[in-house]
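**Student:** The structure's right below; bear with me while I get my questions together.
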Amino acid sequence: MADFERDDSSLLYIQVADYVREKIYSHEWGVDDRIPSEHELMAMLHLSRGTVQKGIRALVDEGLLVQQRGRGTYVVQPIMARPTSNYLLSFAESMASQGIPYETRLVEKRVEPANKACAWALGLDRGDPYLYVARVRSVFGEPVMFIESHVSLEACPGIEDADFEHEGLFEAAVRTSGHEVGRSSQVYSACVCGKRRAEWLECDEKSPALQLEQTVFLDDGRAFEWGCVWLPANRCVISASTERA
């Protein structure tokens with residue numbers, strides 16, 4: 001059960017929104033999934049219906065949820081997808097190519113069984129082990145991105161032993177898989193950071209951020225990484241250059 005601060009009852013609905021948002025951001029509740037009903041959330045969180053309704057309404061207004069009469073409340077499918085067409089670089093490779101000094105801090109690394117969403121993204125069976133890695137990348141001591149990666153141990157055996165503070169994920173994937181990195185599919189979304197990611201990015205939880213969700217494939221077509229990069233809007237920009245054929 002979630003641990004809510006009850007000293008100020010006016011903030012309880014914000015904590016409900018944070019709880020549900022975290023379930024979505026961590027992919028425990030995936031796109032097109034129906035979230036628990038208001039009555040189920042009331043029982044889970046031991047909160048009143050009005051508080052739960054107000055928290056859910058806030059996420060509907062943010063665009064994370066949609067309410068369908070008679071069916072329930074669902075996690076929204078992102079509506080903007082931008083497929084990559086240029087040479088694929090990791091964020092570390094991109095920063096290095098621009099001569100930007102950076103540091104990487106590993107904040108979490110654990111092996112877990114794949115849920116439905118993770119199994120689908122990585123081409124695994126539900127319950128198969130995968131590696132979860134969370135890193136914060138800083139420039140001149142200021143965090144500029146929070147990176148969450150779900151990595152296939154089937155495609156990259158032994159990658160769980162990599163030192164991700166000194167070895168990039170792409171580099172480790174090539175070393176452990178015996179294959180080169182091939183291509184990626186990417187989706188960009190505008191979000192608020194949320195409580196957990198705001199702590200790592202040292203910003204307000206309501207601060208706007210650009211979320212890049214991507215699946216990266218080896219050159220043999222197997223997906224090896226499914227993850228998200230969170231970029232604070234006041235610290236990072238994404239630029240692109242294209243040529244007309």
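In the structure tokens, the first chain shown is A, the next is B, and so on; residue numbers restart at 1 for each chain, and ligands run from 1 in the order shown.
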Among region 42-83 of chain A, which residues does DSSP mark as helix (DSSP H, G or I) when it is run on the backbone? Keep the chain and numbering as in the structure and answer as a list of chain:residue names.

**Tutor:**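 Put together, the selection reads A:Met42, A:Ala43, A:Met44, A:Leu45, A:Arg49, A:Gly50, A:Thr51, A:Val52, A:Gln53, A:Lys54, A:Gly55, A:Ile56, A:Arg57, A:Ala58, A:Leu59, A:Val60, A:Asp61, A:Glu62.
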
**Student:** Got a sec: who's within 6 Å of region 145-157 of chain A, counting only C-alpha atoms, leaving out chain neighbours fewer than 2 positions off, as a PDB file with N, CA and C atoms, in the first residue's frame?

**Tutor:**
ATOM      1  N   TYR A 130      14.955  -9.906 -16.874  1.00  0.00           N
ATOM      2  CA  TYR A 130      15.558  -8.802 -17.618  1.00  0.00           C
ATOM      3  C   TYR A 130      16.279  -7.910 -16.615  1.00  0.00           C
ATOM      4  N   LEU A 131      17.123  -7.033 -17.106  1.00  0.00           N
ATOM      5  CA  LEU A 131      17.883  -6.135 -16.248  1.00  0.00           C
ATOM      6  C   LEU A 131      17.274  -4.746 -16.285  1.00  0.00           C
ATOM      7  N   TYR A 132      16.968  -4.194 -15.112  1.00  0.00           N
ATOM      8  CA  TYR A 132      16.526  -2.802 -14.994  1.00  0.00           C
ATOM      9  C   TYR A 132      17.710  -1.975 -14.535  1.00  0.00           C
ATOM     10  N   VAL A 133      17.987  -0.905 -15.270  1.00  0.00           N
ATOM     11  CA  VAL A 133      19.094  -0.003 -14.939  1.00  0.00           C
ATOM     12  C   VAL A 133      18.572   1.432 -14.954  1.00  0.00           C
ATOM     13  N   ALA A 134      18.847   2.180 -13.901  1.00  0.00           N
ATOM     14  CA  ALA A 134      18.485   3.600 -13.847  1.00  0.00           C
ATOM     15  C   ALA A 134      19.752   4.409 -13.602  1.00  0.00           C
ATOM     16  N   ARG A 135      19.944   5.447 -14.425  1.00  0.00           N
ATOM     17  CA  ARG A 135      21.151   6.273 -14.337  1.00  0.00           C
ATOM     18  C   ARG A 135      20.776   7.750 -14.408  1.00  0.00           C
ATOM     19  N   VAL A 136      21.579   8.573 -13.761  1.00  0.00           N
ATOM     20  CA  VAL A 136      21.474  10.016 -13.875  1.00  0.00           C
ATOM     21  C   VAL A 136      22.741  10.518 -14.557  1.00  0.00           C
ATOM     22  N   ARG A 137      22.555  11.314 -15.591  1.00  0.00           N
ATOM     23  CA  ARG A 137      23.703  11.883 -16.307  1.00  0.00           C
ATOM     24  C   ARG A 137      23.753  13.381 -16.007  1.00  0.00           C
ATOM     25  N   PRO A 143      22.311  17.648 -12.973  1.00  0.00           N
ATOM     26  CA  PRO A 143      21.669  16.543 -13.692  1.00  0.00           C
ATOM     27  C   PRO A 143      20.871  17.041 -14.889  1.00  0.00           C
ATOM     28  N   ILE A 159      25.353  -8.942 -19.222  1.00  0.00           N
ATOM     29  CA  ILE A 159      25.386  -7.474 -19.166  1.00  0.00           C
ATOM     30  C   ILE A 159      25.055  -6.960 -17.771  1.00  0.00           C
ATOM     31  N   ALA A 173      26.247  -3.628 -24.565  1.00  0.00           N
ATOM     32  CA  ALA A 173      25.393  -4.517 -25.363  1.00  0.00           C
ATOM     33  C   ALA A 173      26.178  -5.154 -26.503  1.00  0.00           C
ATOM     34  N   THR A 176      28.567  -7.873 -24.950  1.00  0.00           N
ATOM     35  CA  THR A 176      27.952  -9.090 -24.407  1.00  0.00           C
ATOM     36  C   THR A 176      27.132  -9.858 -25.429  1.00  0.00           C
ATOM     37  N   SER A 177      26.622  -9.174 -26.446  1.00  0.00           N
ATOM     38  CA  SER A 177      25.788  -9.855 -27.447  1.00  0.00           C
ATOM     39  C   SER A 177      26.582 -10.388 -28.624  1.00  0.00           C
ATOM     40  N   PHE A 224      17.046  -5.251 -27.664  1.00  0.00           N
ATOM     41  CA  PHE A 224      17.845  -5.473 -26.456  1.00  0.00           C
ATOM     42  C   PHE A 224      17.573  -4.435 -25.377  1.00  0.00           C
ATOM     43  N   GLU A 225      17.054  -3.256 -25.751  1.00  0.00           N
ATOM     44  CA  GLU A 225      16.740  -2.243 -24.736  1.00  0.00           C
ATOM     45  C   GLU A 225      15.383  -1.626 -25.003  1.00  0.00           C
ATOM     46  N   TRP A 226      14.603  -1.520 -23.950  1.00  0.00           N
ATOM     47  CA  TRP A 226      13.358  -0.756 -23.961  1.00  0.00           C
ATOM     48  C   TRP A 226      13.453   0.194 -22.785  1.00  0.00           C
ATOM     49  N   GLY A 227      13.393   1.478 -23.058  1.00  0.00           N
ATOM     50  CA  GLY A 227      13.593   2.393 -21.959  1.00  0.00           C
ATOM     51  C   GLY A 227      13.082   3.782 -22.223  1.00  0.00           C
ATOM     52  N   CYS A 228      13.315   4.648 -21.243  1.00  0.00           N
ATOM     53  CA  CYS A 228      12.883   6.039 -21.306  1.00  0.00           C
ATOM     54  C   CYS A 228      14.029   6.937 -20.872  1.00  0.00           C
ATOM     55  N   VAL A 229      14.136   8.063 -21.546  1.00  0.00           N
ATOM     56  CA  VAL A 229      15.052   9.130 -21.149  1.00  0.00           C
ATOM     57  C   VAL A 229      14.201  10.341 -20.790  1.00  0.00           C
ATOM     58  N   TRP A 230      14.451  10.910 -19.617  1.00  0.00           N
ATOM     59  CA  TRP A 230      13.698  12.064 -19.125  1.00  0.00           C
ATOM     60  C   TRP A 230      14.611  13.276 -19.158  1.00  0.00           C
ATOM     61  N   LEU A 231      14.195  14.319 -19.891  1.00  0.00           N
ATOM     62  CA  LEU A 231      14.997  15.514 -20.094  1.00  0.00           C
ATOM     63  C   LEU A 231      14.253  16.726 -19.549  1.00  0.00           C
TER      64      LEU A 231
END

**Student:** Enumerate, in order of chain and increasing residue number, the residues of region 105-126 of chain A with an atom no farther than 12 Å from region 215-218 of chain A, each with its shortest atom pair and distance in Å to one decimal, counting only C-alpha atoms, as a tab-separated table.

**Tutor:**
residue	atom	partner	partner_atom	distance
A:Cys118	CA	A:Thr215	CA	10.5
A:Trp120	CA	A:Thr215	CA	10.9
A:Ala121	CA	A:Thr215	CA	7.2
A:Leu122	CA	A:Thr215	CA	8.0
A:Gly123	CA	A:Phe217	CA	10.8

**Student:** Hey, can you spit out that residue selection with C-alpha atoms as a compact mmCIF listing (two decimals), in the first residue's frame?

**Tutor:**
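Contents of result_35.txt, as written:
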# COMPACT_ATOMS: atom_id res chain seq x y z
CA CYS A 118 8.26 -5.40 -20.93
CA TRP A 120 6.16 -7.51 -25.47
CA ALA A 121 8.73 -4.74 -26.02
CA LEU A 122 11.77 -7.02 -25.69
CA GLY A 123 10.34 -10.13 -27.37

**Student:** Find the residues around Val16 (chain A) up to 10 Å (only C-alpha atoms counted), leave out those fewer than 3 positions away in its own chain, and share them as a VMD selection string.

**Tutor:** chain A and resid 2 4 11 to 13 19 to 22 41 45 47 51 to 56 58 to 59

**Student:** Report, in Å to a single decimal, how far apart CA of Gln67 (chain A) and CA of Lys195 (chain A) are.

**Tutor:**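 Between CA of Lys195 (chain A) and CA of Gln67 (chain A) the gap is 23.6 Å.
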
**Student:** Which neighbours of region 91-103 of chain A fall inside 7 Å, counting only C-alpha atoms, when residues of the same chain fewer than 3 positions from it are skipped, and could you give them as a PyMOL selection string?

**Tutor:** chain A and resi 137-140+168

**Student:** Using backbone DSSP assignments, extract all strand (DSSP E) residues from region 41-152 of chain A; output them as a PyMOL selection string.

**Tutor:** chain A and resi 65-68+72-75+103-113+129-139+142-152

**Student:** Tell me, in Å to one decimal, how far CA of Lys23 (chain A) is from CA of Asp161 (chain A).

**Tutor:**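 Between CA of Lys23 (chain A) and CA of Asp161 (chain A) the gap works out to 27.5 Å.
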